[in-house]
Amino acid sequence: MNKYLKVVLILCVMGIGATLLFRSVSNNNENIKIGGISALSGVGASVGEDERKGAVLAVEEVNKRGGINGRTIELISEDLSIDKINKAVSVAEKLINIDKVVAIVGAQWDETTFPILPIAEKAEVSMVGADNSDQLEKDKDYPYFFSTWYDNRVGVREILRYSGTHNIKRISIIKFLAAGFWEFTARTMTDEASKYDVEVVNESDLGNPTALDFRTELLKVNQYNPDAIFIVTNDFNQCSFLKQKAELGINTIALGTESSADGTSITNCPDLMEDRVWSAPKGGNKYYEFESRFTARFGQKPNSPSAATAYDAVMVIASALQKTNGRGGEELQNAIQATNIDGVSVDKIVFNQKGFLVTPEDTFSMKGFKDGEAVDLK
């Protein structure tokens, strides 16, 4: 072989080797991308924005501590609300196929998450939701889905405990839809009520998750003469419900979940909030430190417990990525399943076999509204 040709071949091989080495080093130094899916507009935007901020704070703190073995985490946030559920598939496919995220925080609420589950499962991209119930896996297991949200069965039992000790014996349920979180909480209340000497006297289904007119259902429910009405509202519809209830002269107390304390409602209809009683997570021992950091970063306290659970979701992913050296797929899924870390939403983040947060029975307490602020109830 001509000696000059040999030299050229050697240089080419060296060049290829250098290129591969450069690419390897570049890949090791690239940002690790994770997605975030929550409602940044539309129904539930107050909660969704809190989730985004909680995730942002966690990412910033992880990166400040050196990231994942020197690599920075990059959060790519996408907007998806229940009134734009038709965009769920395209949002998920963008994050997975275009942005190449290794994991996703979200999506917000069961209804918007459900159509994404098979997409993430097929791509082997782990999802850690910040406010999802295990009803998502009622009919099928999704090993790549996890949730740092509390088991709301514990919250519903706290409502029933309060009702049983405060002479609330007859409860009517109004749900927006016979599916998702509304159906889950209604079923839990119905199944558990008798244990607390409480009776569910009727259920009413609005058949519309974005309903704003409650007058017909309120008049129907009032015929049962309940001691309380249980309804799961959010920032989009709570003030409408409370206003119409007052206009109809229905003074029955309104029971609810943690979404009853949404900051938007407290701001927009504080004069009506004294009719509201709800169960809410207490937060872990480190919650108030988190709340202080959140307030310093964003100029206001969290409006929703989802800020803390989204923060914890990022920390779960970051802890697992540390074990996998930034790798995703099945390796990351296994590392997330084995999570056992300190949290701010609860003291310890541990998942059960299906990937949902293990929730101690004393996690929730009862809240009410008095003199312009939420107060603890016995």
# chains A, B, ... in the order shown; residues from 1 in each chain; ligands from 1

call {"tool": "residues_around", "arguments": {"residues": "A:Asp151", "least_positions_apart": "2", "cutoff": "10 Å", "atoms": "only C-alpha atoms", "output": "number ranges by chain"}}
result
A: 131-134, 147-149, 153-156, 356-361, 363-364

call {"tool": "residues_around", "arguments": {"residues": "A:Asn268", "least_positions_apart": "6", "cutoff": "12 Å", "atoms": "only C-alpha atoms", "output": "list in words"}}
result
Asp235, Phe236, Asn237, Gln238, Cys239, Ser240, Leu242, Lys243, Ala261, Asp262 and Gly372 of chain A

call {"tool": "closest_atom_pairs", "arguments": {"of": "stretch 16-96 of chain A", "to": "stretch 320-338 of chain A", "cutoff": "9 Å", "atoms": "only C-alpha atoms", "output": "CSV"}}
result
residue,atom,partner,partner_atom,distance
A:Asn28,CA,A:Gly326,CA,8.7
A:Ile32,CA,A:Gly326,CA,6.8
A:Gly67,CA,A:Gln322,CA,8.7
A:Ile68,CA,A:Gln322,CA,5.5
A:Asn69,CA,A:Asn325,CA,6.9
A:Arg71,CA,A:Gly326,CA,8.2

call {"tool": "write_last_selection", "arguments": {"atoms": "N, CA and C atoms", "output": "mmCIF file, in the first residue's frame"}}
result
data_model
loop_
_atom_site.group_PDB
_atom_site.id
_atom_site.type_symbol
_atom_site.label_atom_id
_atom_site.label_comp_id
_atom_site.auth_asym_id
_atom_site.auth_seq_id
_atom_site.Cartn_x
_atom_site.Cartn_y
_atom_site.Cartn_z
ATOM 1 N N ASN A 28 -22.339 13.182 27.515
ATOM 2 C CA ASN A 28 -22.232 13.114 28.970
ATOM 3 C C ASN A 28 -22.372 14.474 29.616
ATOM 4 N N ILE A 32 -29.827 17.120 31.055
ATOM 5 C CA ILE A 32 -30.802 16.029 31.161
ATOM 6 C C ILE A 32 -32.185 16.661 31.144
ATOM 7 N N GLY A 67 -26.271 19.340 40.093
ATOM 8 C CA GLY A 67 -27.024 18.581 39.110
ATOM 9 C C GLY A 67 -26.880 17.080 39.296
ATOM 10 N N ILE A 68 -26.886 16.358 38.183
ATOM 11 C CA ILE A 68 -26.752 14.895 38.199
ATOM 12 C C ILE A 68 -25.338 14.556 37.736
ATOM 13 N N ASN A 69 -24.467 14.343 38.714
ATOM 14 C CA ASN A 69 -23.058 14.057 38.405
ATOM 15 C C ASN A 69 -22.474 15.114 37.463
ATOM 16 N N ARG A 71 -24.138 17.174 35.497
ATOM 17 C CA ARG A 71 -25.005 17.526 34.377
ATOM 18 C C ARG A 71 -26.238 18.268 34.876
#

call {"tool": "residues_around", "arguments": {"residues": "A:Val125", "least_positions_apart": "3", "cutoff": "8 Å", "atoms": "only C-alpha atoms", "output": "ChimeraX atom specification"}}
result
/A:96,101-104,120-122,144,328-329,333

call {"tool": "write_last_selection", "arguments": {"atoms": "C-alpha atoms", "output": "mmCIF file, in the first residue's frame"}}
result
data_model
loop_
_atom_site.group_PDB
_atom_site.id
_atom_site.type_symbol
_atom_site.label_atom_id
_atom_site.label_comp_id
_atom_site.auth_asym_id
_atom_site.auth_seq_id
_atom_site.Cartn_x
_atom_site.Cartn_y
_atom_site.Cartn_z
ATOM 1 C CA ILE A 96 -40.987 12.248 24.235
ATOM 2 C CA VAL A 101 -37.101 13.865 27.860
ATOM 3 C CA VAL A 102 -36.058 11.009 30.143
ATOM 4 C CA ALA A 103 -39.024 11.540 32.506
ATOM 5 C CA ILE A 104 -42.151 13.651 32.939
ATOM 6 C CA ALA A 120 -45.205 6.958 27.925
ATOM 7 C CA GLU A 121 -45.373 3.232 28.623
ATOM 8 C CA LYS A 122 -44.523 2.321 25.029
ATOM 9 C CA TYR A 144 -43.819 3.599 34.273
ATOM 10 C CA GLY A 328 -33.734 6.716 31.514
ATOM 11 C CA GLY A 329 -35.795 3.745 30.396
ATOM 12 C CA GLN A 333 -38.190 3.141 36.230
#

call {"tool": "closest_residue", "arguments": {"among": "A:Glu183, A:Asp141, A:Glu111, A:Asp347", "to": "A:Asp362", "atoms": "only C-alpha atoms"}}
result
A:Asp347

call {"tool": "select_by_dssp", "arguments": {"residues": "stretch 31-239 of chain A", "states": "strand (DSSP E or B)", "output": "MDAnalysis selection string"}}
result
chainID A and resid 32:38 68 71 73:79 103:105 126:129 145:147 170:175 199:205 228:231
